[in-house]
>>> print(open('model.txt').read())   # compact mmCIF, C-alpha atoms
# COMPACT_ATOMS: atom_id res chain seq x y z
CA MET A 1 0.00 0.00 0.00
CA ALA A 2 1.28 3.41 -0.92
CA PHE A 3 0.46 4.99 2.42
CA ASN A 4 2.36 2.46 4.54
CA SER A 5 5.74 4.01 3.96
CA ARG A 6 7.07 3.38 7.46
CA VAL A 7 8.12 -0.04 8.76
CA LEU A 8 6.52 -0.76 12.09
CA VAL A 9 9.01 -1.63 14.82
CA PRO A 10 7.62 -3.67 17.72
CA VAL A 11 7.75 -1.71 20.96
CA LEU A 12 7.89 -3.39 24.34
CA LYS A 13 5.25 -1.95 26.63
CA ALA A 14 5.12 -2.29 30.39
CA ASP A 15 1.35 -2.52 30.48
CA ASP A 16 0.14 -5.49 28.47
CA ASP A 17 -3.46 -4.28 28.53
CA GLU A 18 -2.65 -1.12 26.62
CA LYS A 19 -3.49 -1.65 22.97
CA GLU A 20 -1.69 -0.18 20.02
CA LEU A 21 -3.62 2.84 18.82
CA VAL A 22 -5.19 2.12 15.44
CA ASP A 23 -5.87 5.06 13.16
CA PRO A 24 -9.40 4.56 11.80
CA GLN A 25 -8.39 6.25 8.57
CA ALA A 26 -5.53 3.83 7.99
CA ALA A 27 -7.79 0.89 8.78
CA LEU A 28 -10.45 2.17 6.40
CA ARG A 29 -7.87 2.70 3.69
CA GLU A 30 -6.73 -0.91 3.94
CA LYS A 31 -10.35 -2.02 3.88
CA CYS A 32 -11.23 0.15 0.89
CA GLN A 33 -8.15 -0.85 -1.05
CA ALA A 34 -9.43 -4.43 -1.12
CA LYS A 35 -12.47 -3.35 -3.11
CA GLY A 36 -12.66 -4.27 -6.77
CA HIS A 37 -12.35 -0.98 -8.62
CA ILE A 38 -9.85 0.52 -6.19
CA ALA A 39 -7.72 -2.63 -6.32
CA SER A 40 -7.70 -2.42 -10.11
CA LEU A 41 -6.64 1.23 -9.94
CA TYR A 42 -3.86 0.28 -7.54
CA ASN A 43 -2.70 -2.50 -9.85
CA LYS A 44 -2.67 -0.09 -12.76
CA TYR A 45 -0.60 2.31 -10.67
CA GLN A 46 1.85 -0.45 -9.78
CA GLU A 47 2.11 -1.46 -13.44
CA CYS A 48 2.98 2.11 -14.31
CA ASN A 49 5.57 2.26 -11.55
CA ASP A 50 7.21 -0.94 -12.77
CA ARG A 51 7.16 0.26 -16.37
CA VAL A 52 8.69 3.64 -15.58
CA ASN A 53 11.28 2.25 -13.18
CA GLY A 54 12.23 -0.33 -15.79
CA LYS A 55 13.15 2.31 -18.36
CA SER A 56 16.04 4.71 -18.01
CA LYS A 57 15.30 7.32 -20.67
CA THR A 58 11.62 8.03 -20.29
CA THR A 59 9.82 11.23 -19.32
CA GLU A 60 6.70 9.38 -18.25
CA THR A 61 5.39 9.83 -14.72
CA CYS A 62 2.72 7.87 -12.87
CA MET A 63 1.13 10.96 -11.38
CA GLU A 64 -2.20 10.51 -13.13
CA GLU A 65 -2.57 6.90 -12.01
CA LEU A 66 -1.75 7.91 -8.44
CA PHE A 67 -4.26 10.75 -8.57
CA ASP A 68 -7.02 8.42 -9.74
CA PHE A 69 -6.18 5.86 -7.08
CA VAL A 70 -5.90 8.37 -4.22
CA ALA A 71 -9.12 10.14 -5.19
CA GLU A 72 -11.13 6.91 -5.26
CA LEU A 73 -9.53 5.59 -2.08
CA ASP A 74 -10.18 8.68 0.02
CA HIS A 75 -13.65 9.06 -1.42
CA CYS A 76 -14.39 5.55 -0.17
CA VAL A 77 -12.84 6.31 3.22
CA ALA A 78 -14.83 9.54 3.61
CA HIS A 79 -18.14 7.68 3.66
CA SER A 80 -17.70 6.38 7.19
CA LEU A 81 -14.52 7.96 8.60
CA PHE A 82 -16.10 10.77 10.62
CA SER A 83 -18.62 8.45 12.20
CA LYS A 84 -15.65 6.72 13.87
CA LEU A 85 -14.15 9.94 15.24
CA LYS A 86 -15.20 11.95 18.26
CA MET B 1 -18.81 16.62 -26.29
CA ALA B 2 -18.87 18.78 -29.40
CA ASN B 3 -21.49 16.60 -31.06
CA LYS B 4 -23.69 16.64 -27.97
CA PHE B 5 -23.29 20.38 -27.74
CA ARG B 6 -24.26 20.89 -31.38
CA SER B 7 -27.31 18.64 -31.12
CA LEU B 8 -28.38 20.37 -27.90
CA ASN B 9 -28.01 23.75 -29.57
CA SER B 10 -30.12 22.64 -32.53
CA LYS B 11 -32.75 21.25 -30.16
CA LEU B 12 -32.92 24.57 -28.34
CA PHE B 13 -33.28 26.41 -31.62
CA GLN B 14 -36.05 24.07 -32.77
CA LEU B 15 -37.90 24.68 -29.51
CA ALA B 16 -37.64 28.42 -30.02
CA MET B 17 -38.85 28.14 -33.63
CA SER B 18 -41.79 25.95 -32.65
CA GLY B 19 -42.76 28.50 -30.03
CA ILE B 20 -42.74 31.23 -32.66
CA GLN B 21 -44.78 29.12 -35.07
CA ARG B 22 -47.36 28.38 -32.40
CA THR B 23 -47.90 32.08 -31.81
CA SER B 24 -48.10 32.80 -35.53
CA VAL B 25 -51.19 30.57 -35.85
CA ARG B 26 -53.22 33.39 -34.30
CA PRO B 27 -55.29 35.37 -36.88
CA ARG B 28 -53.61 38.67 -37.71
CA ILE B 29 -56.65 40.43 -39.16
CA SER B 30 -57.84 41.76 -35.81
CA PHE B 31 -54.53 43.56 -35.15
CA PRO B 32 -53.23 44.72 -38.52
CA GLY B 33 -50.73 47.25 -37.18
CA ARG B 34 -49.38 45.53 -34.06
CA GLY B 35 -49.16 41.97 -35.34
CA SER B 36 -45.84 42.27 -37.14
CA GLY B 37 -44.17 44.06 -34.22
CA PHE B 38 -45.38 41.51 -31.70
CA THR B 39 -44.22 38.59 -33.83
CA GLY B 40 -40.81 40.23 -34.37
CA ASN B 41 -40.30 40.78 -30.65
CA ARG B 42 -41.22 37.19 -29.92
CA LYS B 43 -38.72 35.87 -32.45
CA LEU B 44 -36.00 38.12 -31.07
CA LEU B 45 -36.68 37.01 -27.51
CA GLY B 46 -36.62 33.37 -28.55
CA ALA B 47 -33.28 33.78 -30.26
CA LEU B 48 -31.83 35.65 -27.29
CA GLY B 49 -33.05 32.95 -24.92
CA ALA B 50 -31.50 30.22 -27.02
CA LEU B 51 -28.20 32.09 -27.23
CA THR B 52 -28.13 32.73 -23.48
CA GLY B 53 -28.83 29.10 -22.68
CA THR B 54 -26.15 27.95 -25.09
CA ALA B 55 -23.59 30.35 -23.64
CA GLY B 56 -24.43 29.23 -20.10
CA LEU B 57 -24.03 25.59 -21.02
CA LEU B 58 -20.75 26.33 -22.76
CA ILE B 59 -19.37 28.15 -19.72
CA TYR B 60 -20.47 25.32 -17.43
CA ALA B 61 -18.86 22.67 -19.66
CA LEU B 62 -15.60 24.61 -19.89
CA GLU B 63 -15.49 25.22 -16.14
CA THR B 64 -16.05 21.54 -15.41
CA SER B 65 -13.35 20.43 -17.82
CA VAL B 66 -10.88 23.00 -16.50
CA ASP B 67 -11.56 21.84 -12.96
CA ALA B 68 -10.94 18.23 -13.97
CA SER B 69 -7.48 19.00 -15.35
CA SER B 70 -5.89 20.36 -12.18
CA ASP B 71 -2.49 19.24 -10.90
CA CYS B 72 -3.70 17.85 -7.58
CA VAL B 73 -6.30 15.49 -6.20
CA HIS B 74 -9.67 16.97 -5.26
CA PRO B 75 -10.31 16.36 -1.56
CA ALA B 76 -13.16 14.08 -0.60
CA HIS B 77 -16.14 15.60 1.21
CA GLN B 78 -16.15 14.66 4.88
CA HIS B 79 -19.20 14.61 7.14
CA TRP B 80 -18.34 17.55 9.39
CA ASN B 81 -20.56 18.25 12.37
CA HIS B 82 -20.91 21.90 11.44
CA LYS B 83 -22.10 21.31 7.88
CA GLY B 84 -25.79 22.06 7.62
CA LEU B 85 -28.13 24.95 8.10
CA LEU B 86 -28.97 24.22 11.74
CA SER B 87 -25.61 22.80 12.82
CA ALA B 88 -23.03 24.37 15.09
CA LEU B 89 -19.31 23.99 15.52
CA ASP B 90 -18.17 21.27 17.89
CA LYS B 91 -16.60 23.40 20.62
CA GLU B 92 -14.87 20.44 22.24
CA SER B 93 -13.22 19.78 18.90
CA VAL B 94 -12.22 23.44 18.71
CA ARG B 95 -10.61 23.12 22.13
CA ARG B 96 -8.69 20.00 21.11
CA GLY B 97 -7.76 21.73 17.86
CA TYR B 98 -6.30 24.63 19.80
CA THR B 99 -4.13 22.13 21.67
CA VAL B 100 -2.99 20.63 18.37
CA TYR B 101 -2.18 24.06 16.96
CA LYS B 102 -0.24 25.05 20.05
CA GLU B 103 1.84 21.88 20.17
CA VAL B 104 2.25 21.09 16.46
CA CYS B 105 1.41 23.92 14.08
CA SER B 106 2.63 26.97 15.97
CA SER B 107 6.29 26.07 15.45
CA CYS B 108 5.97 27.21 11.82
CA HIS B 109 2.56 28.81 11.27
CA SER B 110 1.34 32.05 12.79
CA LEU B 111 -2.21 32.92 13.78
CA GLN B 112 -1.87 36.66 13.78
CA TYR B 113 -5.54 37.67 13.71
CA MET B 114 -6.60 35.65 16.75
CA ALA B 115 -6.23 36.91 20.30
CA TYR B 116 -6.57 35.01 23.53
CA ARG B 117 -9.74 36.91 24.36
CA ASN B 118 -11.39 35.30 21.33
CA LEU B 119 -11.12 31.94 23.08
CA VAL B 120 -13.19 33.11 26.05
CA GLY B 121 -16.69 31.73 25.99
CA VAL B 122 -15.99 29.61 22.94
CA CYS B 123 -13.74 26.78 24.04
CA MET B 124 -12.23 28.14 27.26
CA THR B 125 -13.23 29.94 30.40
CA GLU B 126 -11.71 33.32 31.13
CA ALA B 127 -9.39 31.85 33.76
CA GLU B 128 -8.16 29.19 31.35
CA ALA B 129 -7.60 31.75 28.59
CA LYS B 130 -5.69 33.99 30.99
CA ALA B 131 -3.48 31.08 32.00
CA GLU B 132 -2.83 30.33 28.33
CA ALA B 133 -1.98 33.97 27.67
CA GLU B 134 0.38 34.24 30.62
CA ALA B 135 2.37 31.32 29.26
CA ILE B 136 3.76 33.49 26.45
CA THR B 137 6.19 36.41 26.58
CA VAL B 138 5.31 39.65 24.83
CA ARG B 139 7.66 42.51 23.97
CA ASP B 140 6.02 45.68 25.18
CA GLY B 141 6.92 49.26 25.78
CA PRO B 142 8.36 51.75 25.85
CA ASN B 143 8.18 52.49 29.56
CA GLU B 144 8.68 55.89 31.14
CA GLU B 145 12.42 55.51 30.62
CA GLY B 146 11.98 54.82 26.92
CA GLU B 147 13.00 51.18 27.11
CA TYR B 148 11.26 48.11 25.73
CA TYR B 149 10.72 45.21 28.07
CA GLU B 150 9.36 41.67 28.13
CA ARG B 151 6.19 40.86 30.03
CA PRO B 152 3.79 37.93 30.36
CA GLY B 153 0.90 37.92 27.96
CA LYS B 154 -2.66 38.97 28.73
CA LEU B 155 -6.06 38.37 27.15
CA SER B 156 -5.79 41.15 24.58
CA ASP B 157 -2.53 39.84 23.13
CA HIS B 158 -2.55 38.02 19.83
CA PHE B 159 -1.13 34.58 19.31
CA PRO B 160 2.66 34.77 18.99
CA SER B 161 4.21 34.38 15.56
CA PRO B 162 7.17 32.00 15.18
CA TYR B 163 8.99 34.36 12.75
CA ALA B 164 9.43 38.11 12.79
CA ASN B 165 8.50 38.52 9.12
CA GLU B 166 7.99 36.60 5.89
CA GLU B 167 11.63 36.84 4.88
CA ALA B 168 12.73 35.22 8.13
CA ALA B 169 10.15 32.48 7.60
CA ARG B 170 11.37 31.80 4.07
CA SER B 171 14.98 31.79 5.18
CA ALA B 172 14.21 29.16 7.81
CA ASN B 173 12.16 26.98 5.45
CA ASN B 174 14.31 26.72 2.30
CA GLY B 175 12.43 29.48 0.55
CA SER B 176 8.96 28.23 1.38
CA TYR B 177 6.62 30.40 3.38
CA PRO B 178 4.30 28.79 5.97
CA PRO B 179 1.11 30.79 5.47
CA ASP B 180 -0.77 32.40 8.31
CA LEU B 181 -3.51 30.05 9.43
CA SER B 182 -6.06 32.62 10.60
CA TYR B 183 -8.23 32.44 7.48
CA ILE B 184 -6.73 29.41 5.79
CA VAL B 185 -9.99 27.46 5.66
CA SER B 186 -11.75 30.32 3.91
CA ALA B 187 -8.76 30.94 1.66
CA ARG B 188 -8.40 27.47 0.19
CA LYS B 189 -10.74 25.85 -2.30
CA GLY B 190 -12.34 22.93 -0.51
CA GLY B 191 -11.93 24.56 2.88
CA GLU B 192 -11.57 22.16 5.77
CA ASP B 193 -11.86 19.18 3.41
CA TYR B 194 -8.67 20.37 1.72
CA VAL B 195 -6.81 20.97 4.97
CA PHE B 196 -7.85 17.58 6.32
CA SER B 197 -6.83 15.77 3.15
CA LEU B 198 -3.54 17.65 3.04
CA LEU B 199 -2.65 16.68 6.60
CA THR B 200 -3.52 13.01 6.12
CA GLY B 201 -2.64 12.53 2.44
CA TYR B 202 1.12 12.03 2.53
CA CYS B 203 2.38 9.05 0.56
CA ASP B 204 5.33 7.92 -1.53
CA PRO B 205 5.89 9.80 -4.77
CA PRO B 206 5.04 7.98 -7.97
CA ALA B 207 7.68 6.73 -10.36
CA GLY B 208 9.10 9.38 -12.66
CA PHE B 209 8.42 12.21 -10.22
CA ALA B 210 11.63 14.04 -9.32
CA LEU B 211 11.30 15.25 -5.75
CA ARG B 212 13.77 17.92 -4.66
CA ASP B 213 15.61 17.64 -1.36
CA GLY B 214 13.75 19.16 1.55
CA LEU B 215 10.36 18.64 -0.10
CA TYR B 216 7.73 16.00 0.56
CA PHE B 217 5.12 14.47 -1.70
CA ASN B 218 1.44 15.13 -1.12
CA PRO B 219 -1.05 14.51 -3.94
CA TYR B 220 -3.49 17.07 -2.53
CA PHE B 221 -0.98 19.91 -2.82
CA SER B 222 -0.75 21.77 -6.08
CA GLY B 223 2.12 20.23 -8.03
CA GLY B 224 2.60 17.45 -5.51
CA ALA B 225 5.79 18.74 -3.85
CA ILE B 226 5.19 20.43 -0.51
CA ALA B 227 7.70 21.84 1.96
CA MET B 228 5.67 20.82 5.00
CA GLY B 229 6.46 17.34 6.19
CA LYS B 230 4.02 14.89 7.69
CA VAL B 231 3.46 16.29 11.16
CA VAL B 232 0.12 14.68 12.07
CA ASP B 233 0.52 11.12 13.25
CA ASN B 234 -0.84 8.89 15.98
CA GLU B 235 -0.38 10.38 19.45
CA VAL B 236 1.76 13.35 18.49
CA VAL B 237 -0.57 15.28 20.81
CA SER B 238 -2.02 14.04 24.08
CA PHE B 239 -5.56 15.22 24.69
CA GLU B 240 -6.89 16.20 28.09
CA ASP B 241 -9.92 13.97 27.61
CA PRO B 242 -8.81 10.34 28.04
CA ASN B 243 -11.90 9.11 26.19
CA VAL B 244 -10.73 10.67 22.92
CA PRO B 245 -8.09 8.49 21.25
CA ALA B 246 -5.42 10.70 19.70
CA SER B 247 -5.30 9.03 16.31
CA ALA B 248 -3.96 10.86 13.28
CA ALA B 249 -7.40 11.31 11.78
CA GLN B 250 -8.78 12.64 15.07
CA ILE B 251 -5.92 15.13 15.41
CA ALA B 252 -6.35 16.30 11.83
CA LYS B 253 -10.10 16.64 12.26
CA ASP B 254 -9.77 18.68 15.44
CA VAL B 255 -7.23 21.08 14.03
CA CYS B 256 -9.41 21.55 10.94
CA VAL B 257 -12.41 22.40 13.10
CA PHE B 258 -10.26 24.84 15.06
CA LEU B 259 -9.08 26.52 11.86
CA LYS B 260 -12.67 26.60 10.61
CA TRP B 261 -13.52 28.48 13.78
CA THR B 262 -10.63 30.92 13.35
CA SER B 263 -11.72 31.58 9.76
CA GLU B 264 -15.34 32.22 10.67
CA PRO B 265 -15.65 32.85 14.42
CA GLU B 266 -19.16 34.26 14.05
CA THR B 267 -20.67 31.31 12.17
CA ASP B 268 -22.74 30.11 15.09
CA GLU B 269 -24.04 33.61 15.82
CA ARG B 270 -25.06 34.05 12.20
CA ARG B 271 -26.92 30.76 12.24
CA LEU B 272 -28.81 31.75 15.38
CA LEU B 273 -29.63 35.06 13.73
CA LEU B 274 -30.90 33.20 10.66
CA ILE B 275 -33.27 31.16 12.82
CA LYS B 276 -34.57 34.26 14.59
CA VAL B 277 -35.02 36.25 11.39
CA THR B 278 -36.80 33.37 9.69
CA LEU B 279 -39.32 32.91 12.51
CA ILE B 280 -40.04 36.61 13.00
CA SER B 281 -40.26 37.30 9.27
CA THR B 282 -42.70 34.45 8.78
CA PHE B 283 -44.97 35.88 11.47
CA LEU B 284 -44.75 39.45 10.18
CA ILE B 285 -45.28 38.43 6.56
CA GLY B 286 -48.40 36.56 7.60
CA ILE B 287 -49.77 39.64 9.33
CA SER B 288 -48.88 41.84 6.35
CA TYR B 289 -50.67 39.49 3.98
CA TYR B 290 -53.83 39.57 6.08
CA ILE B 291 -53.78 43.37 6.32
CA LYS B 292 -53.26 43.67 2.58
CA ARG B 293 -56.18 41.38 1.82
CA PHE B 294 -58.34 43.29 4.31
CA LYS B 295 -57.50 46.71 2.87
CA TRP B 296 -57.95 45.68 -0.74
CA SER B 297 -61.05 43.57 -0.22
CA THR B 298 -63.51 46.27 -1.41
CA LEU B 299 -61.51 47.05 -4.54
CA LYS B 300 -60.76 43.42 -5.40
CA SER B 301 -64.37 42.30 -4.88
CA ARG B 302 -65.73 45.10 -7.12
CA LYS B 303 -67.57 44.00 -10.28
CA ILE B 304 -68.24 46.10 -13.37
CA PHE B 305 -70.99 45.02 -15.78
CA PHE B 306 -72.00 46.18 -19.30
CA ILE B 307 -75.51 44.97 -20.16
CA PRO B 308 -77.20 46.89 -23.01
CA GLU B 309 -80.80 46.10 -21.87
CA LEU B 310 -80.08 47.43 -18.42
CA GLU B 311 -78.52 50.52 -19.94
CA ALA B 312 -81.63 51.23 -22.03
CA GLN B 313 -83.88 50.63 -19.04
CA ALA B 314 -81.80 52.97 -16.92
CA LYS B 315 -81.97 55.63 -19.62
CA ARG B 316 -85.75 55.26 -19.82
CA GLU B 317 -86.12 55.55 -16.07
CA ALA B 318 -83.92 58.63 -16.12
CA GLU B 319 -86.13 60.27 -18.74
CA GLU B 320 -89.28 59.48 -16.76
CA ALA B 321 -87.69 60.89 -13.65
CA ALA B 322 -86.77 64.03 -15.58
CA LYS B 323 -90.34 64.41 -16.85
CA ALA B 324 -91.76 63.96 -13.36
CA ALA B 325 -89.36 66.55 -12.04
CA ARG B 326 -90.34 68.98 -14.80
CA LYS B 327 -94.11 68.54 -14.07
CA ALA B 328 -93.56 69.05 -10.38
CA LYS B 329 -91.65 72.23 -11.11
CA GLU B 330 -94.47 73.57 -13.36
CA GLN B 331 -97.04 72.88 -10.68
CA GLU B 332 -95.03 74.82 -8.18
CA CYS B 333 -94.81 77.72 -10.61
CA ASN B 334 -98.59 77.66 -11.03
CA LYS B 335 -99.09 77.80 -7.28
CA CYS B 336 -96.83 80.80 -7.02
CA GLU B 337 -98.77 82.61 -9.78
CA ASN B 338 -102.07 81.87 -8.03
CA GLN B 339 -100.73 83.33 -4.83
CA ASN B 340 -99.63 86.48 -6.67
CA GLU B 341 -103.11 86.94 -8.20
CA LYS B 342 -104.74 86.63 -4.79
CA LYS B 343 -102.54 89.35 -3.36
CA ASP B 344 -103.42 91.77 -6.19
>>> encode(input="model.txt", output="structure tokens")
Amino acid sequence: MAFNSRVLVPVLKADDDEKELVDPQAALREKCQAKGHIASLYNKYQECNDRVNGKSKTTETCMEELFDFVAELDHCVAHSLFSKLK
Amino acid sequence: MANKFRSLNSKLFQLAMSGIQRTSVRPRISFPGRGSGFTGNRKLLGALGALTGTAGLLIYALETSVDASSDCVHPAHQHWNHKGLLSALDKESVRRGYTVYKEVCSSCHSLQYMAYRNLVGVCMTEAEAKAEAEAITVRDGPNEEGEYYERPGKLSDHFPSPYANEEAARSANNGSYPPDLSYIVSARKGGEDYVFSLLTGYCDPPAGFALRDGLYFNPYFSGGAIAMGKVVDNEVVSFEDPNVPASAAQIAKDVCVFLKWTSEPETDERRLLLIKVTLISTFLIGISYYIKRFKWSTLKSRKIFFIPELEAQAKREAEEAAKAARKAKEQECNKCENQNEKKD
């Protein structure tokens, strides 16, 4: 997923009952990315990334594919995100 | 698009022509002089209407296509609490947003048009606002010796700015200027949706995009390269309320509501005023309507008739009345003459 740019490092906590805080937006993004049309947009974006990274003398960018993917993803997230926030 | 536009234009023109033809069915013999003028005006109005509609549709189509070709992602519409005609700002969210601004945003962004007194009665009590104000140091003066001095802040002081001027801000941020956040929600297209998406929309740049050093990628920013890094993350701020989990989305939402409040502090007052004006105007308009109907009832219930038989009958009665009056007058004259003869 494009938004998971950081690698999670396990942290030892003194209190075992304390749960790791889950961002509802990140959870909804993972859930929405599994949908059909958004998954196809993501695959198209990845194809473009592979194609552009495979060539050395191209002026092509994958900005448009990323824009389409991000717009659809966040539009899907926006349906129920604020109902999960205080 | 062009074909649809042309066909739509022709349809509009056909509608206008059919309207003109329908009016031309009327017989013109009764109005020999005015008929041609009336028909000409109608044709002209039809053509003008068609042209205006076509121009409006063209402008709308161009605006939509221009909007679709921007260099950033359009933010998604979120379900804010304060959206709606009878909704108010969430003041608890404004309070949390102030905390986020103080601990996260104020290191780069100023809020020069907001004072600590503006917080009183909105998301803080006066004592709390005074405590917040006294936490800052303000350069004041000159005193009676002509010297400037530092003093603790008070309610009338504005929020402190992190930089003395724009040049200092640009120098500290590789040429980029962190804008003042006082009216940022009103200043940006999309408002709080844009600010929320910007704060939570950081991701890796796509392939082929050359990102300069010191810049970060955000698809919601115009051009994609933004000098502000990702500052909103889980638990970067600890809220006073333990029941509110400080997730990234919650922090972004609260700071957006706070900035919405700084952009339009009087929104809630205006909405209350709208409710009052609507209720009172409805009542007064009702009364005015009744009074108008009452005053005009005699004139509006008047009826004017033209019946030839009645007219003839009225004329006949008038003549008879005139004759009777004339006879009565002659009799009176005779009486007077009789009286004169008796006297002689």
>>> closest_residue(input="model.txt", among="A:Lys84, A:Val52, A:Thr58, A:Leu66", to="Ala27 (chain A)", atoms="only C-alpha atoms")
A:Lys84
>>> closest_atom_pairs(input="model.txt", of="chain B", to="chain A", cutoff="8 Å", atoms="all atoms listed in the file", output="Markdown table")
| residue | atom | partner | partner_atom | distance |
| --- | --- | --- | --- | --- |
| B:Cys72 | CA | A:Phe67 | CA | 7.2 |
| B:Val73 | CA | A:Phe67 | CA | 5.7 |
| B:His74 | CA | A:Ala71 | CA | 6.9 |
| B:Pro75 | CA | A:Ala71 | CA | 7.3 |
| B:Ala76 | CA | A:His75 | CA | 5.1 |
| B:His77 | CA | A:Ala78 | CA | 6.6 |
| B:Gln78 | CA | A:Ala78 | CA | 5.4 |
| B:His79 | CA | A:Phe82 | CA | 6.0 |
| B:Trp80 | CA | A:Phe82 | CA | 7.2 |
| B:Tyr202 | CA | A:Phe3 | CA | 7.1 |
| B:Cys203 | CA | A:Phe3 | CA | 4.9 |
| B:Asp204 | CA | A:Ala2 | CA | 6.1 |
| B:Pro206 | CA | A:Cys62 | CA | 5.4 |
| B:Ala207 | CA | A:Asn49 | CA | 5.1 |
| B:Gly208 | CA | A:Thr61 | CA | 4.3 |
| B:Phe209 | CA | A:Thr61 | CA | 5.9 |
| B:Pro219 | CA | A:Phe67 | CA | 6.8 |
| B:Asn234 | CA | A:Asp23 | CA | 6.9 |
| B:Val244 | CA | A:Lys86 | CA | 6.6 |
| B:Pro245 | CA | A:Leu21 | CA | 7.6 |
| B:Ser247 | CA | A:Asp23 | CA | 5.1 |
| B:Ala248 | CA | A:Asp23 | CA | 6.1 |
| B:Ala249 | CA | A:Gln25 | CA | 6.1 |
| B:Gln250 | CA | A:Leu85 | CA | 6.0 |
>>> atom_distance(input="model.txt", atom1="CA of Lys253 (chain B)", atom2="CA of Gly36 (chain A)")
28.4 Å
>>> atom_distance(input="model.txt", atom1="CA of Cys256 (chain B)", atom2="CA of Val94 (chain B)")
8.5 Å
>>> atom_distance(input="model.txt", atom1="CA of Pro160 (chain B)", atom2="CA of Leu259 (chain B)")
16.0 Å
>>> axis_aligned_box(input="model.txt", around="region 83-92 of chain B", padding_each_side="8 Å", output="lines of an AutoDock Vina configuration file")
center_x = -21.9
center_y = 22.7
center_z = 14.9
size_x = 30.1
size_y = 20.5
size_z = 30.6
>>> residues_around(input="model.txt", residues="Ile251 (chain B)", least_positions_apart="4", cutoff="9 Å", atoms="only C-alpha atoms", output="PDB file with C-alpha atoms, keeping the file's coordinate frame")
ATOM      1  CA  ARG B  96      -8.690  20.000  21.110  1.00  0.00           C
ATOM      2  CA  GLY B  97      -7.760  21.730  17.860  1.00  0.00           C
ATOM      3  CA  VAL B 100      -2.990  20.630  18.370  1.00  0.00           C
ATOM      4  CA  VAL B 232       0.120  14.680  12.070  1.00  0.00           C
ATOM      5  CA  ASP B 233       0.520  11.120  13.250  1.00  0.00           C
ATOM      6  CA  ASN B 234      -0.840   8.890  15.980  1.00  0.00           C
ATOM      7  CA  GLU B 235      -0.380  10.380  19.450  1.00  0.00           C
ATOM      8  CA  VAL B 236       1.760  13.350  18.490  1.00  0.00           C
ATOM      9  CA  VAL B 237      -0.570  15.280  20.810  1.00  0.00           C
ATOM     10  CA  ALA B 246      -5.420  10.700  19.700  1.00  0.00           C
ATOM     11  CA  SER B 247      -5.300   9.030  16.310  1.00  0.00           C
ATOM     12  CA  VAL B 255      -7.230  21.080  14.030  1.00  0.00           C
ATOM     13  CA  CYS B 256      -9.410  21.550  10.940  1.00  0.00           C
TER      14      CYS B 256
END
>>> build_atoms(input="model.txt", residues="region 64-75 of chain A", atoms="N, CA and C atoms", output="PDB file, keeping the file's coordinate frame")
ATOM      1  N   GLU A  64      -0.763  10.597 -12.855  1.00  0.00           N
ATOM      2  CA  GLU A  64      -2.200  10.510 -13.130  1.00  0.00           C
ATOM      3  C   GLU A  64      -2.793   9.256 -12.511  1.00  0.00           C
ATOM      4  N   GLU A  65      -2.066   8.130 -12.612  1.00  0.00           N
ATOM      5  CA  GLU A  65      -2.570   6.900 -12.010  1.00  0.00           C
ATOM      6  C   GLU A  65      -2.688   7.044 -10.495  1.00  0.00           C
ATOM      7  N   LEU A  66      -1.682   7.703  -9.889  1.00  0.00           N
ATOM      8  CA  LEU A  66      -1.750   7.910  -8.440  1.00  0.00           C
ATOM      9  C   LEU A  66      -2.916   8.802  -8.069  1.00  0.00           C
ATOM     10  N   PHE A  67      -3.140   9.849  -8.863  1.00  0.00           N
ATOM     11  CA  PHE A  67      -4.260  10.750  -8.570  1.00  0.00           C
ATOM     12  C   PHE A  67      -5.583   9.994  -8.616  1.00  0.00           C
ATOM     13  N   ASP A  68      -5.760   9.163  -9.645  1.00  0.00           N
ATOM     14  CA  ASP A  68      -7.020   8.420  -9.740  1.00  0.00           C
ATOM     15  C   ASP A  68      -7.188   7.489  -8.550  1.00  0.00           C
ATOM     16  N   PHE A  69      -6.103   6.807  -8.181  1.00  0.00           N
ATOM     17  CA  PHE A  69      -6.180   5.860  -7.080  1.00  0.00           C
ATOM     18  C   PHE A  69      -6.461   6.568  -5.758  1.00  0.00           C
ATOM     19  N   VAL A  70      -5.739   7.660  -5.495  1.00  0.00           N
ATOM     20  CA  VAL A  70      -5.900   8.370  -4.220  1.00  0.00           C
ATOM     21  C   VAL A  70      -7.292   8.968  -4.116  1.00  0.00           C
ATOM     22  N   ALA A  71      -7.791   9.520  -5.227  1.00  0.00           N
ATOM     23  CA  ALA A  71      -9.120  10.140  -5.190  1.00  0.00           C
ATOM     24  C   ALA A  71     -10.179   9.102  -4.853  1.00  0.00           C
ATOM     25  N   GLU A  72     -10.127   7.938  -5.526  1.00  0.00           N
ATOM     26  CA  GLU A  72     -11.130   6.910  -5.260  1.00  0.00           C
ATOM     27  C   GLU A  72     -10.999   6.357  -3.850  1.00  0.00           C
ATOM     28  N   LEU A  73      -9.746   6.171  -3.400  1.00  0.00           N
ATOM     29  CA  LEU A  73      -9.530   5.590  -2.080  1.00  0.00           C
ATOM     30  C   LEU A  73     -10.083   6.490  -0.988  1.00  0.00           C
ATOM     31  N   ASP A  74      -9.734   7.776  -1.040  1.00  0.00           N
ATOM     32  CA  ASP A  74     -10.180   8.680   0.020  1.00  0.00           C
ATOM     33  C   ASP A  74     -11.663   8.977  -0.084  1.00  0.00           C
ATOM     34  N   HIS A  75     -12.208   8.908  -1.302  1.00  0.00           N
ATOM     35  CA  HIS A  75     -13.650   9.060  -1.420  1.00  0.00           C
ATOM     36  C   HIS A  75     -14.366   7.904  -0.734  1.00  0.00           C
TER      37      HIS A  75
END
